[in-house]
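Text of my_file_19.pdb (PDB, C-alpha atoms) as supplied:
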```
ATOM      1  CA  MET P 288    -165.581  76.725-116.126
ATOM      2  CA  ARG P 289    -168.100  74.743-118.149
ATOM      3  CA  ARG P 290    -167.258  71.594-116.203
ATOM      4  CA  LYS P 291    -167.800  73.389-112.887
ATOM      5  CA  PHE P 292    -171.121  74.775-114.133
ATOM      6  CA  GLY P 293    -172.176  71.299-115.261
ATOM      7  CA  VAL P 294    -171.340  69.798-111.859
ATOM      8  CA  THR P 295    -173.313  72.576-110.124
ATOM      9  CA  MET P 296    -176.312  72.000-112.382
ATOM     10  CA  LYS P 297    -176.152  68.240-111.804
ATOM     11  CA  THR P 298    -175.939  68.705-108.029
ATOM     12  CA  GLY P 299    -178.861  71.149-108.071
ATOM     13  CA  PHE P 300    -180.954  68.771-110.176
ATOM     14  CA  ARG P 301    -180.287  65.886-107.778
ATOM     15  CA  LYS P 302    -181.277  68.072-104.827
ATOM     16  CA  TYR P 303    -184.574  69.119-106.384
ATOM     17  CA  LEU P 304    -185.251  65.530-107.453
ATOM     18  CA  SER P 305    -184.644  64.368-103.878
ATOM     19  CA  ILE P 306    -187.057  67.024-102.592
ATOM     20  CA  ILE P 307    -189.729  65.901-105.059
ATOM     21  CA  ILE P 308    -189.244  62.254-104.078
ATOM     22  CA  LEU P 309    -189.460  63.130-100.379
ATOM     23  CA  ILE P 310    -192.657  65.142-100.852
ATOM     24  CA  GLY P 311    -194.166  62.406-103.008
ATOM     25  CA  THR P 312    -193.313  59.767-100.394
ATOM     26  CA  ALA P 313    -194.811  61.872 -97.606
ATOM     27  CA  VAL P 314    -198.011  62.405 -99.622
ATOM     28  CA  GLY P 315    -198.212  58.687-100.380
ATOM     29  CA  PHE P 316    -197.785  57.823 -96.705
ATOM     30  CA  ALA P 317    -200.446  60.364 -95.712
ATOM     31  CA  ILE P 318    -202.951  58.977 -98.218
ATOM     32  CA  SER P 319    -202.363  55.372 -97.146
ATOM     33  CA  PHE P 320    -202.633  56.414 -93.475
ATOM     34  CA  VAL P 321    -206.024  58.060 -94.056
ATOM     35  CA  MET P 322    -207.277  55.088 -96.072
ATOM     36  CA  LEU P 323    -206.203  52.606 -93.389
ATOM     37  CA  GLN P 324    -207.750  54.824 -90.711
ATOM     38  CA  ARG P 325    -211.090  54.554 -92.472
ATOM     39  CA  VAL P 326    -210.793  50.768 -92.568
ATOM     40  CA  ILE P 327    -209.640  49.980 -89.004
ATOM     41  CA  GLY P 328    -210.947  53.102 -87.236
ATOM     42  CA  GLY P 329    -209.250  56.211 -85.937
ATOM     43  CA  SER P 330    -208.905  54.802 -82.417
ATOM     44  CA  SER P 331    -206.929  51.722 -83.510
ATOM     45  CA  PRO P 332    -203.522  51.503 -81.757
ATOM     46  CA  TRP P 333    -202.012  50.028 -84.920
ATOM     47  CA  LEU P 334    -202.013  53.467 -86.510
ATOM     48  CA  GLY P 335    -199.256  54.504 -84.106
ATOM     49  CA  LEU P 336    -197.127  51.568 -85.247
ATOM     50  CA  LEU P 337    -197.726  52.547 -88.850
ATOM     51  CA  ALA P 338    -196.693  56.129 -88.080
ATOM     52  CA  MET P 339    -193.433  54.855 -86.573
ATOM     53  CA  PHE P 340    -192.600  52.898 -89.730
ATOM     54  CA  TYR P 341    -193.529  55.922 -91.844
ATOM     55  CA  PHE P 342    -191.080  58.011 -89.831
ATOM     56  CA  LEU P 343    -188.266  55.522 -90.496
ATOM     57  CA  GLY P 344    -189.168  55.465 -94.181
ATOM     58  CA  LEU P 345    -189.150  59.250 -94.493
ATOM     59  CA  THR P 346    -185.776  59.583 -92.768
ATOM     60  CA  LYS P 347    -184.335  57.077 -95.238
ATOM     61  CA  VAL P 348    -185.778  58.870 -98.264
ATOM     62  CA  ALA P 349    -184.541  62.226 -96.902
ATOM     63  CA  GLU P 350    -180.890  61.072 -96.573
ATOM     64  CA  PRO P 351    -179.748  62.758 -99.825
ATOM     65  CA  LEU P 352    -180.937  66.072 -98.317
ATOM     66  CA  PHE P 353    -179.888  65.734 -94.688
ATOM     67  CA  LEU P 354    -178.654  63.152 -92.217
ATOM     68  CA  LEU P 355    -180.038  62.827 -88.713
ATOM     69  CA  ARG P 356    -177.580  62.951 -85.833
ATOM     70  CA  MET P 357    -177.554  61.363 -82.425
ATOM     71  CA  PRO P 358    -177.833  63.623 -79.356
ATOM     72  CA  ALA P 359    -174.405  64.924 -78.377
ATOM     73  CA  VAL P 360    -174.365  62.962 -75.109
ATOM     74  CA  LEU P 361    -174.905  59.671 -76.984
ATOM     75  CA  ARG P 362    -172.827  60.334 -80.090
ATOM     76  CA  ARG P 363    -169.501  59.099 -78.759
ATOM     77  CA  ILE P 364    -168.992  55.326 -78.577
ATOM     78  CA  ARG P 365    -167.782  54.314 -75.091
ATOM     79  CA  SER P 366    -164.972  51.827 -74.662
ATOM     80  CA  TRP P 367    -167.160  49.430 -72.649
ATOM     81  CA  GLU P 368    -169.565  49.210 -75.600
ATOM     82  CA  MET P 369    -166.791  47.807 -77.778
ATOM     83  CA  LYS P 370    -165.556  45.274 -75.202
ATOM     84  CA  GLY P 371    -168.533  43.152 -76.128
ATOM     85  CA  THR P 372    -169.527  41.567 -72.798
ATOM     86  CA  LEU P 373    -173.021  43.049 -72.643
ATOM     87  CA  ASN P 374    -173.504  42.942 -76.402
ATOM     88  CA  ARG P 375    -172.571  39.253 -76.525
ATOM     89  CA  ARG P 376    -175.043  38.476 -73.765
ATOM     90  CA  LEU P 377    -177.733  40.303 -75.722
ATOM     91  CA  LEU P 378    -176.662  38.467 -78.930
ATOM     92  CA  VAL P 379    -176.082  41.767 -80.733
ATOM     93  CA  PRO P 380    -173.217  40.347 -82.885
ATOM     94  CA  SER P 381    -175.521  37.496 -83.943
ATOM     95  CA  PHE P 382    -178.193  40.031 -84.841
ATOM     96  CA  GLY P 383    -175.623  41.916 -86.932
ATOM     97  CA  ASN P 384    -174.554  38.717 -88.704
ATOM     98  CA  PHE P 385    -178.186  37.957 -89.476
ATOM     99  CA  LEU P 386    -178.644  41.422 -91.021
ATOM    100  CA  ARG P 387    -175.463  41.153 -93.111
ATOM    101  CA  GLU P 388    -176.297  37.688 -94.438
ATOM    102  CA  SER P 389    -179.973  38.328 -95.172
ATOM    103  CA  PRO P 390    -181.732  40.470 -97.808
ATOM    104  CA  LEU P 391    -182.410  42.983 -95.004
ATOM    105  CA  ARG P 392    -178.829  44.160 -95.585
ATOM    106  CA  TYR P 393    -179.976  46.004 -98.709
ATOM    107  CA  LEU P 394    -182.448  48.125 -96.747
ATOM    108  CA  ASN P 395    -179.435  50.075 -95.489
ATOM    109  CA  ALA P 396    -176.434  48.882 -97.476
ATOM    110  CA  ALA P 397    -174.741  52.301 -97.098
ATOM    111  CA  VAL P 398    -173.691  51.507 -93.511
ATOM    112  CA  TYR P 399    -171.433  48.605 -94.573
ATOM    113  CA  LEU P 400    -167.911  49.035 -95.903
ATOM    114  CA  SER P 401    -166.961  47.333 -99.143
ATOM    115  CA  GLN P 402    -164.097  47.454-101.605
ATOM    116  CA  ALA P 403    -166.168  49.699-103.831
ATOM    117  CA  GLN P 404    -167.027  52.014-100.950
ATOM    118  CA  SER P 405    -163.791  53.393 -99.585
ATOM    119  CA  ASP P 406    -165.156  56.662 -98.162
ATOM    120  CA  VAL P 407    -164.946  55.643 -94.511
ATOM    121  CA  LEU P 408    -166.160  58.969 -93.103
ATOM    122  CA  ARG P 409    -169.236  58.887 -95.329
ATOM    123  CA  VAL P 410    -170.105  55.371 -94.194
ATOM    124  CA  TYR P 411    -169.626  56.500 -90.585
ATOM    125  CA  ARG P 412    -172.104  59.366 -91.079
ATOM    126  CA  GLN P 413    -174.568  57.016 -92.785
ATOM    127  CA  ALA P 414    -174.330  54.614 -89.842
ATOM    128  CA  GLU P 415    -174.911  57.442 -87.366
ATOM    129  CA  ALA P 416    -177.888  58.683 -89.408
ATOM    130  CA  ALA P 417    -179.439  55.201 -89.401
ATOM    131  CA  GLU P 418    -178.805  54.891 -85.671
ATOM    132  CA  ALA P 419    -180.340  58.317 -85.061
ATOM    133  CA  ALA P 420    -183.426  57.403 -87.103
ATOM    134  CA  HIS P 421    -184.036  54.335 -84.933
ATOM    135  CA  PHE P 422    -183.236  56.318 -81.770
ATOM    136  CA  TRP P 423    -185.776  59.070 -82.500
ATOM    137  CA  ALA P 424    -188.347  56.528 -83.682
ATOM    138  CA  ALA P 425    -187.935  54.630 -80.404
ATOM    139  CA  SER P 426    -188.091  57.867 -78.396
ATOM    140  CA  LEU P 427    -191.415  58.743 -79.995
ATOM    141  CA  PHE P 428    -192.851  55.227 -79.966
ATOM    142  CA  THR P 429    -192.027  54.355 -76.334
ATOM    143  CA  PRO P 430    -194.482  56.873 -74.779
ATOM    144  CA  TYR P 431    -197.100  55.652 -77.230
ATOM    145  CA  ILE P 432    -196.621  52.068 -76.014
ATOM    146  CA  GLY P 433    -197.199  53.314 -72.465
ATOM    147  CA  TYR P 434    -200.334  55.119 -73.603
ATOM    148  CA  VAL P 435    -201.674  51.978 -75.292
ATOM    149  CA  TRP P 436    -201.033  49.962 -72.106
ATOM    150  CA  LEU P 437    -202.743  52.522 -69.867
ATOM    151  CA  SER P 438    -205.705  52.734 -72.233
ATOM    152  CA  GLY P 439    -206.538  49.097 -71.467
ATOM    153  CA  GLN P 440    -204.873  47.363 -74.425
ATOM    154  CA  PRO P 441    -202.026  45.368 -72.832
ATOM    155  CA  ARG P 442    -201.855  42.752 -75.603
ATOM    156  CA  GLU P 443    -201.239  45.368 -78.290
ATOM    157  CA  ALA P 444    -198.760  47.150 -75.989
ATOM    158  CA  MET P 445    -196.744  43.936 -75.529
ATOM    159  CA  ILE P 446    -196.710  43.308 -79.289
ATOM    160  CA  PHE P 447    -195.500  46.856 -79.844
ATOM    161  CA  LEU P 448    -192.801  46.369 -77.202
ATOM    162  CA  VAL P 449    -191.469  43.291 -79.017
ATOM    163  CA  ILE P 450    -191.499  45.231 -82.299
ATOM    164  CA  GLN P 451    -189.699  48.086 -80.568
ATOM    165  CA  VAL P 452    -186.940  45.748 -79.392
ATOM    166  CA  PHE P 453    -186.276  44.117 -82.763
ATOM    167  CA  PHE P 454    -186.900  47.093 -85.062
ATOM    168  CA  ASN P 455    -185.302  49.869 -82.985
ATOM    169  CA  PHE P 456    -183.394  48.694 -79.907
ATOM    170  CA  TYR P 457    -181.297  45.971 -81.559
ATOM    171  CA  PRO P 458    -180.553  48.033 -84.699
ATOM    172  CA  ILE P 459    -179.311  50.851 -82.447
ATOM    173  CA  LEU P 460    -176.928  48.513 -80.598
ATOM    174  CA  HIS P 461    -175.753  46.951 -83.867
ATOM    175  CA  LEU P 462    -175.128  50.339 -85.513
ATOM    176  CA  ARG P 463    -173.175  51.545 -82.492
ATOM    177  CA  LEU P 464    -170.889  48.543 -82.923
ATOM    178  CA  VAL P 465    -170.546  49.375 -86.608
ATOM    179  CA  ARG P 466    -169.638  52.975 -85.768
ATOM    180  CA  GLY P 467    -167.161  51.833 -83.131
ATOM    181  CA  ARG P 468    -165.358  49.568 -85.612
ATOM    182  CA  ILE P 469    -165.244  52.296 -88.244
ATOM    183  CA  ASP P 470    -163.950  54.718 -85.613
ATOM    184  CA  ARG P 471    -161.097  52.300 -84.836
ATOM    185  CA  LEU P 472    -160.324  52.006 -88.544
ATOM    186  CA  ILE P 473    -160.214  55.799 -88.896
ATOM    187  CA  ARG P 474    -157.880  56.114 -85.912
ATOM    188  CA  ARG P 475    -155.557  53.417 -87.296
ATOM    189  CA  ARG P 476    -155.440  55.159 -90.665
ATOM    190  CA  ASN P 477    -154.732  58.504 -89.012
ATOM    191  CA  VAL P 478    -151.941  56.959 -86.931
ATOM    192  CA  GLY P 479    -150.478  55.312 -90.038
ATOM    193  CA  THR P 480    -150.627  58.586 -91.962
ATOM    194  CA  SER P 481    -148.984  60.473 -89.089
ATOM    195  CA  GLN P 482    -146.211  57.867 -88.797
ATOM    196  CA  ALA P 483    -145.600  57.938 -92.548
ATOM    197  CA  ARG P 484    -145.442  61.735 -92.526
ATOM    198  CA  ALA P 485    -143.029  61.706 -89.571
ATOM    199  CA  SER P 486    -140.851  59.120 -91.358
ATOM    200  CA  VAL P 487    -140.699  61.255 -94.511
ATOM    201  CA  GLU P 488    -139.860  64.377 -92.521
ATOM    202  CA  SER P 489    -137.154  62.497 -90.591
ATOM    203  CA  ARG P 490    -135.636  61.168 -93.839
ATOM    204  CA  ASP P 491    -135.695  64.622 -95.408
ATOM    205  CA  THR P 492    -134.003  66.076 -92.344
ATOM    206  CA  ALA P 493    -131.277  63.418 -92.501
ATOM    207  CA  MET P 494    -130.723  64.038 -96.212
ATOM    208  CA  HIS P 495    -130.740  67.822 -95.897
ATOM    209  CA  PRO P 496    -129.490  68.707 -92.419
ATOM    210  CA  THR P 497    -129.832  72.318 -91.402
ATOM    211  CA  ALA P 498    -126.440  73.978 -91.317
ATOM    212  CA  SER P 499    -125.402  75.118 -87.890
ATOM    213  CA  GLY P 500    -123.099  78.006 -87.196
ATOM    214  CA  GLY P 501    -122.216  80.587 -89.834
ATOM    215  CA  CYS P 502    -123.008  80.618 -93.557
TER
END
```
For the file at hand, write its structure as structure tokens.
Amino acid sequence: MRRKFGVTMKTGFRKYLSIIILIGTAVGFAISFVMLQRVIGGSSPWLGLLAMFYFLGLTKVAEPLFLLRMPAVLRRIRSWEMKGTLNRRLLVPSFGNFLRESPLRYLNAAVYLSQAQSDVLRVYRQAEAAEAAHFWAASLFTPYIGYVWLSGQPREAMIFLVIQVFFNFYPILHLRLVRGRIDRLIRRRNVGTSQARASVESRDTAMHPTASGGC
């Protein structure tokens, strides 16, 4: 009973601590946004880029409280995505290798499996949450890029488009590959578990056959 109470208290403390950290991060972002606005002007298009990065930062800080999800129509990984033809042409595997072998890996280390991290379903949800964060960031930032272009600032719009590709589009494609591989691993484990269970049941049946006929 005491152990259960202690676990509940510890979980509650972590939740409140995560809320405090999230609020503090949001306040810090808001203050820095206002300060930068005073320096470069409220009409500067770069404020929109900053807001996009703030959104990604807040979703990361909020992960202990909730995980974003992809829209239902995009959640499932299609078979053609895993075949690799389009992804290879777009150099998505190379992008993934670059992330894994660079310090950028530690910005979202939770989406990679390791020997110390055997909870496959948790890693899968973390990968989907990271993908969803980039998806929603891109969904919000794309109309803004169009607005910047139409407002007579094509150079800034093109810079933002390049940033969009490398900070949102490619991470989305990479994370979908990660989810697809984890999904295959989960299916293989489920098949192995089912086969092992069937083997045990078959052996038990052979050892203890059900008597037929009378008692």
Here atom CA of Leu464 of chain P and atom CA of Asn384 of chain P stand apart by 12.0 Å
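Between atom CA of Arg442 of chain P and atom CA of Ile327 of chain P the interatomic distance comes to 17.1 Å.
Of the residues under consideration (P:Pro351, P:Gly383, P:Gly329, P:Pro358), P:Pro358 shows the shortest atom-to-atom contact distance to Trp423 of chain P when counting all atoms listed in the file.
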Between atom CA of Gly371 of chain P and atom CA of Leu462 of chain P, measure the distance and give it in Å to one decimal.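 These atoms are spaced 13.5 Å apart.
The residues caught by the PyMOL selection byres ((chain P and resi 451) around 10) in this file are Leu336, Met339, His421, Ala424, Ala425, Phe428, Thr429, Ile432, Met445, Ile446, Phe447, Leu448, Val449, Ile450, Val452, Phe453, Phe454, Asn455, Phe456 and Tyr457 of chain P.
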Counting all atoms listed in the file, which residue out of P:Val407, P:Leu386, P:Gly315, P:Phe320 sits closest to Arg474 of chain P?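 Selected residue with least distance to Arg474 of chain P: P:Val407.
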Taking the file as shown, what set of residues would the PyMOL selection byres ((chain P and resi 412) around 9) give back, as number ranges by chain? P: 354-356, 398, 407-411, 413-417, 466
Dump C-alpha atoms for the selected residues as a short mmCIF file (atom, residue, chain, number, x, y, z; two decimals), keeping the file's coordinate frame?
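Result went into again_32.cif, see below:
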```cif
data_model
loop_
_atom_site.label_atom_id
_atom_site.label_comp_id
_atom_site.auth_asym_id
_atom_site.auth_seq_id
_atom_site.Cartn_x
_atom_site.Cartn_y
_atom_site.Cartn_z
CA LEU P 354 -178.65 63.15 -92.22
CA LEU P 355 -180.04 62.83 -88.71
CA ARG P 356 -177.58 62.95 -85.83
CA VAL P 398 -173.69 51.51 -93.51
CA VAL P 407 -164.95 55.64 -94.51
CA LEU P 408 -166.16 58.97 -93.10
CA ARG P 409 -169.24 58.89 -95.33
CA VAL P 410 -170.10 55.37 -94.19
CA TYR P 411 -169.63 56.50 -90.58
CA GLN P 413 -174.57 57.02 -92.78
CA ALA P 414 -174.33 54.61 -89.84
CA GLU P 415 -174.91 57.44 -87.37
CA ALA P 416 -177.89 58.68 -89.41
CA ALA P 417 -179.44 55.20 -89.40
CA ARG P 466 -169.64 52.98 -85.77
#
```
Could you list, as a ChimeraX atom specification, every residue matched by the PyMOL selection byres ((chain P and resi 330-332) around 10) in this structure? /P:323-324,326-329,333-337,431-432,434-435,438,440,443-444,447
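Nearest to Arg301 of chain P of all the residues P:Leu427, P:Ile469, P:Met357, P:Leu352 is P:Leu352, based on only C-alpha atoms.
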Starting from 3 Å padding per side, set up an axis-aligned box that covers all listed atoms of segment 339-357 of chain P and hand over centre and edge lengths in Å, one decimal, as AutoDock Vina command-line options.
```
--center_x -185.5 --center_y 59.5 --center_z -91.1 --size_x 22.0 --size_y 19.2 --size_z 23.4
```
Residue among P:Leu345, P:Val360, P:Gly467, P:Ala317 lying closest to Ser305 of chain P, counting only C-alpha atoms: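 Between P:Leu345, P:Val360, P:Gly467, P:Ala317, the residue approaching Ser305 of chain P most closely is P:Leu345.
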Choose the residue, out of P:Ser426, P:Lys302, P:Asp406, P:Arg468, that has the smallest atom-to-atom separation from Glu350 of chain P; count only C-alpha atoms.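 Of P:Ser426, P:Lys302, P:Asp406, P:Arg468, the one nearest Glu350 of chain P is P:Lys302, counting only C-alpha atoms.
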Pick from P:Ala349, P:Leu377, P:Leu472, P:Val321 nearest to Leu309 of chain P, counting all atoms listed in the file: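 Of all the options, P:Ala349 lies closest to Leu309 of chain P.
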Name the residues in contact with Tyr341 of chain P at a cut-off of 9 Å, using all atoms listed in the file, excluding same-chain residues fewer than 5 positions from it; report them as JSON, numbers by chain. {"P": [313, 316, 336, 346]}
Some atoms are absent from segment 407-442 of chain P, so rebuild N, CA and C atoms and return them as a PDB file, keeping the file's coordinate frame.
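Saved the output as out.pdb:
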```pdb
ATOM      1  N   VAL P 407    -164.648  56.123 -95.858  1.00  0.00           N
ATOM      2  CA  VAL P 407    -164.946  55.643 -94.511  1.00  0.00           C
ATOM      3  C   VAL P 407    -165.772  56.667 -93.730  1.00  0.00           C
ATOM      4  N   LEU P 408    -165.439  57.939 -93.851  1.00  0.00           N
ATOM      5  CA  LEU P 408    -166.160  58.969 -93.103  1.00  0.00           C
ATOM      6  C   LEU P 408    -167.620  59.049 -93.548  1.00  0.00           C
ATOM      7  N   ARG P 409    -167.859  58.858 -94.830  1.00  0.00           N
ATOM      8  CA  ARG P 409    -169.236  58.887 -95.329  1.00  0.00           C
ATOM      9  C   ARG P 409    -170.033  57.708 -94.773  1.00  0.00           C
ATOM     10  N   VAL P 410    -169.425  56.542 -94.752  1.00  0.00           N
ATOM     11  CA  VAL P 410    -170.105  55.371 -94.194  1.00  0.00           C
ATOM     12  C   VAL P 410    -170.388  55.584 -92.709  1.00  0.00           C
ATOM     13  N   TYR P 411    -169.441  56.210 -92.004  1.00  0.00           N
ATOM     14  CA  TYR P 411    -169.626  56.500 -90.585  1.00  0.00           C
ATOM     15  C   TYR P 411    -170.837  57.406 -90.377  1.00  0.00           C
ATOM     16  N   ARG P 412    -170.964  58.448 -91.206  1.00  0.00           N
ATOM     17  CA  ARG P 412    -172.104  59.366 -91.079  1.00  0.00           C
ATOM     18  C   ARG P 412    -173.412  58.660 -91.433  1.00  0.00           C
ATOM     19  N   GLN P 413    -173.373  57.768 -92.425  1.00  0.00           N
ATOM     20  CA  GLN P 413    -174.568  57.016 -92.785  1.00  0.00           C
ATOM     21  C   GLN P 413    -175.000  56.110 -91.632  1.00  0.00           C
ATOM     22  N   ALA P 414    -174.019  55.486 -90.977  1.00  0.00           N
ATOM     23  CA  ALA P 414    -174.330  54.614 -89.842  1.00  0.00           C
ATOM     24  C   ALA P 414    -174.923  55.429 -88.695  1.00  0.00           C
ATOM     25  N   GLU P 415    -174.363  56.606 -88.435  1.00  0.00           N
ATOM     26  CA  GLU P 415    -174.911  57.442 -87.366  1.00  0.00           C
ATOM     27  C   GLU P 415    -176.321  57.914 -87.707  1.00  0.00           C
ATOM     28  N   ALA P 416    -176.554  58.249 -88.991  1.00  0.00           N
ATOM     29  CA  ALA P 416    -177.888  58.683 -89.408  1.00  0.00           C
ATOM     30  C   ALA P 416    -178.914  57.569 -89.230  1.00  0.00           C
ATOM     31  N   ALA P 417    -178.529  56.339 -89.580  1.00  0.00           N
ATOM     32  CA  ALA P 417    -179.439  55.201 -89.401  1.00  0.00           C
ATOM     33  C   ALA P 417    -179.702  54.956 -87.913  1.00  0.00           C
ATOM     34  N   GLU P 418    -178.646  55.051 -87.121  1.00  0.00           N
ATOM     35  CA  GLU P 418    -178.805  54.891 -85.671  1.00  0.00           C
ATOM     36  C   GLU P 418    -179.716  55.970 -85.102  1.00  0.00           C
ATOM     37  N   ALA P 419    -179.521  57.203 -85.553  1.00  0.00           N
ATOM     38  CA  ALA P 419    -180.340  58.317 -85.061  1.00  0.00           C
ATOM     39  C   ALA P 419    -181.803  58.142 -85.455  1.00  0.00           C
ATOM     40  N   ALA P 420    -182.045  57.631 -86.666  1.00  0.00           N
ATOM     41  CA  ALA P 420    -183.426  57.403 -87.103  1.00  0.00           C
ATOM     42  C   ALA P 420    -184.127  56.415 -86.172  1.00  0.00           C
ATOM     43  N   HIS P 421    -183.444  55.318 -85.845  1.00  0.00           N
ATOM     44  CA  HIS P 421    -184.036  54.335 -84.933  1.00  0.00           C
ATOM     45  C   HIS P 421    -184.164  54.908 -83.512  1.00  0.00           C
ATOM     46  N   PHE P 422    -183.188  55.724 -83.109  1.00  0.00           N
ATOM     47  CA  PHE P 422    -183.236  56.318 -81.770  1.00  0.00           C
ATOM     48  C   PHE P 422    -184.452  57.237 -81.625  1.00  0.00           C
ATOM     49  N   TRP P 423    -184.647  58.136 -82.587  1.00  0.00           N
ATOM     50  CA  TRP P 423    -185.776  59.070 -82.500  1.00  0.00           C
ATOM     51  C   TRP P 423    -187.104  58.347 -82.689  1.00  0.00           C
ATOM     52  N   ALA P 424    -187.122  57.325 -83.531  1.00  0.00           N
ATOM     53  CA  ALA P 424    -188.347  56.528 -83.682  1.00  0.00           C
ATOM     54  C   ALA P 424    -188.704  55.854 -82.365  1.00  0.00           C
ATOM     55  N   ALA P 425    -187.700  55.284 -81.695  1.00  0.00           N
ATOM     56  CA  ALA P 425    -187.935  54.630 -80.404  1.00  0.00           C
ATOM     57  C   ALA P 425    -188.362  55.646 -79.347  1.00  0.00           C
ATOM     58  N   SER P 426    -187.753  56.831 -79.378  1.00  0.00           N
ATOM     59  CA  SER P 426    -188.091  57.867 -78.396  1.00  0.00           C
ATOM     60  C   SER P 426    -189.532  58.314 -78.536  1.00  0.00           C
ATOM     61  N   LEU P 427    -190.027  58.345 -79.766  1.00  0.00           N
ATOM     62  CA  LEU P 427    -191.415  58.743 -79.995  1.00  0.00           C
ATOM     63  C   LEU P 427    -192.390  57.599 -79.756  1.00  0.00           C
ATOM     64  N   PHE P 428    -191.947  56.373 -80.054  1.00  0.00           N
ATOM     65  CA  PHE P 428    -192.851  55.227 -79.966  1.00  0.00           C
ATOM     66  C   PHE P 428    -192.996  54.701 -78.542  1.00  0.00           C
ATOM     67  N   THR P 429    -191.971  54.873 -77.706  1.00  0.00           N
ATOM     68  CA  THR P 429    -192.027  54.355 -76.334  1.00  0.00           C
ATOM     69  C   THR P 429    -193.170  54.968 -75.520  1.00  0.00           C
ATOM     70  N   PRO P 430    -193.332  56.314 -75.509  1.00  0.00           N
ATOM     71  CA  PRO P 430    -194.482  56.873 -74.779  1.00  0.00           C
ATOM     72  C   PRO P 430    -195.820  56.380 -75.330  1.00  0.00           C
ATOM     73  N   TYR P 431    -195.860  56.143 -76.642  1.00  0.00           N
ATOM     74  CA  TYR P 431    -197.100  55.652 -77.230  1.00  0.00           C
ATOM     75  C   TYR P 431    -197.431  54.250 -76.725  1.00  0.00           C
ATOM     76  N   ILE P 432    -196.395  53.407 -76.563  1.00  0.00           N
ATOM     77  CA  ILE P 432    -196.621  52.068 -76.014  1.00  0.00           C
ATOM     78  C   ILE P 432    -197.204  52.168 -74.612  1.00  0.00           C
ATOM     79  N   GLY P 433    -196.656  53.100 -73.813  1.00  0.00           N
ATOM     80  CA  GLY P 433    -197.199  53.314 -72.465  1.00  0.00           C
ATOM     81  C   GLY P 433    -198.647  53.765 -72.507  1.00  0.00           C
ATOM     82  N   TYR P 434    -198.958  54.642 -73.458  1.00  0.00           N
ATOM     83  CA  TYR P 434    -200.334  55.119 -73.603  1.00  0.00           C
ATOM     84  C   TYR P 434    -201.280  53.971 -73.961  1.00  0.00           C
ATOM     85  N   VAL P 435    -200.843  53.119 -74.886  1.00  0.00           N
ATOM     86  CA  VAL P 435    -201.674  51.978 -75.292  1.00  0.00           C
ATOM     87  C   VAL P 435    -201.923  51.056 -74.103  1.00  0.00           C
ATOM     88  N   TRP P 436    -200.882  50.821 -73.286  1.00  0.00           N
ATOM     89  CA  TRP P 436    -201.033  49.962 -72.106  1.00  0.00           C
ATOM     90  C   TRP P 436    -202.028  50.566 -71.117  1.00  0.00           C
ATOM     91  N   LEU P 437    -201.876  51.857 -70.846  1.00  0.00           N
ATOM     92  CA  LEU P 437    -202.743  52.522 -69.867  1.00  0.00           C
ATOM     93  C   LEU P 437    -204.170  52.674 -70.367  1.00  0.00           C
ATOM     94  N   SER P 438    -204.356  52.603 -71.679  1.00  0.00           N
ATOM     95  CA  SER P 438    -205.705  52.734 -72.233  1.00  0.00           C
ATOM     96  C   SER P 438    -206.451  51.402 -72.236  1.00  0.00           C
ATOM     97  N   GLY P 439    -205.853  50.375 -71.602  1.00  0.00           N
ATOM     98  CA  GLY P 439    -206.538  49.097 -71.467  1.00  0.00           C
ATOM     99  C   GLY P 439    -206.318  48.144 -72.626  1.00  0.00           C
ATOM    100  N   GLN P 440    -205.175  48.257 -73.309  1.00  0.00           N
ATOM    101  CA  GLN P 440    -204.873  47.363 -74.425  1.00  0.00           C
ATOM    102  C   GLN P 440    -203.496  46.734 -74.217  1.00  0.00           C
ATOM    103  N   PRO P 441    -203.346  45.932 -73.159  1.00  0.00           N
ATOM    104  CA  PRO P 441    -202.026  45.368 -72.832  1.00  0.00           C
ATOM    105  C   PRO P 441    -201.483  44.430 -73.893  1.00  0.00           C
ATOM    106  N   ARG P 442    -202.346  43.677 -74.578  1.00  0.00           N
ATOM    107  CA  ARG P 442    -201.855  42.752 -75.603  1.00  0.00           C
ATOM    108  C   ARG P 442    -201.176  43.506 -76.740  1.00  0.00           C
TER     109      ARG P 442
END
```
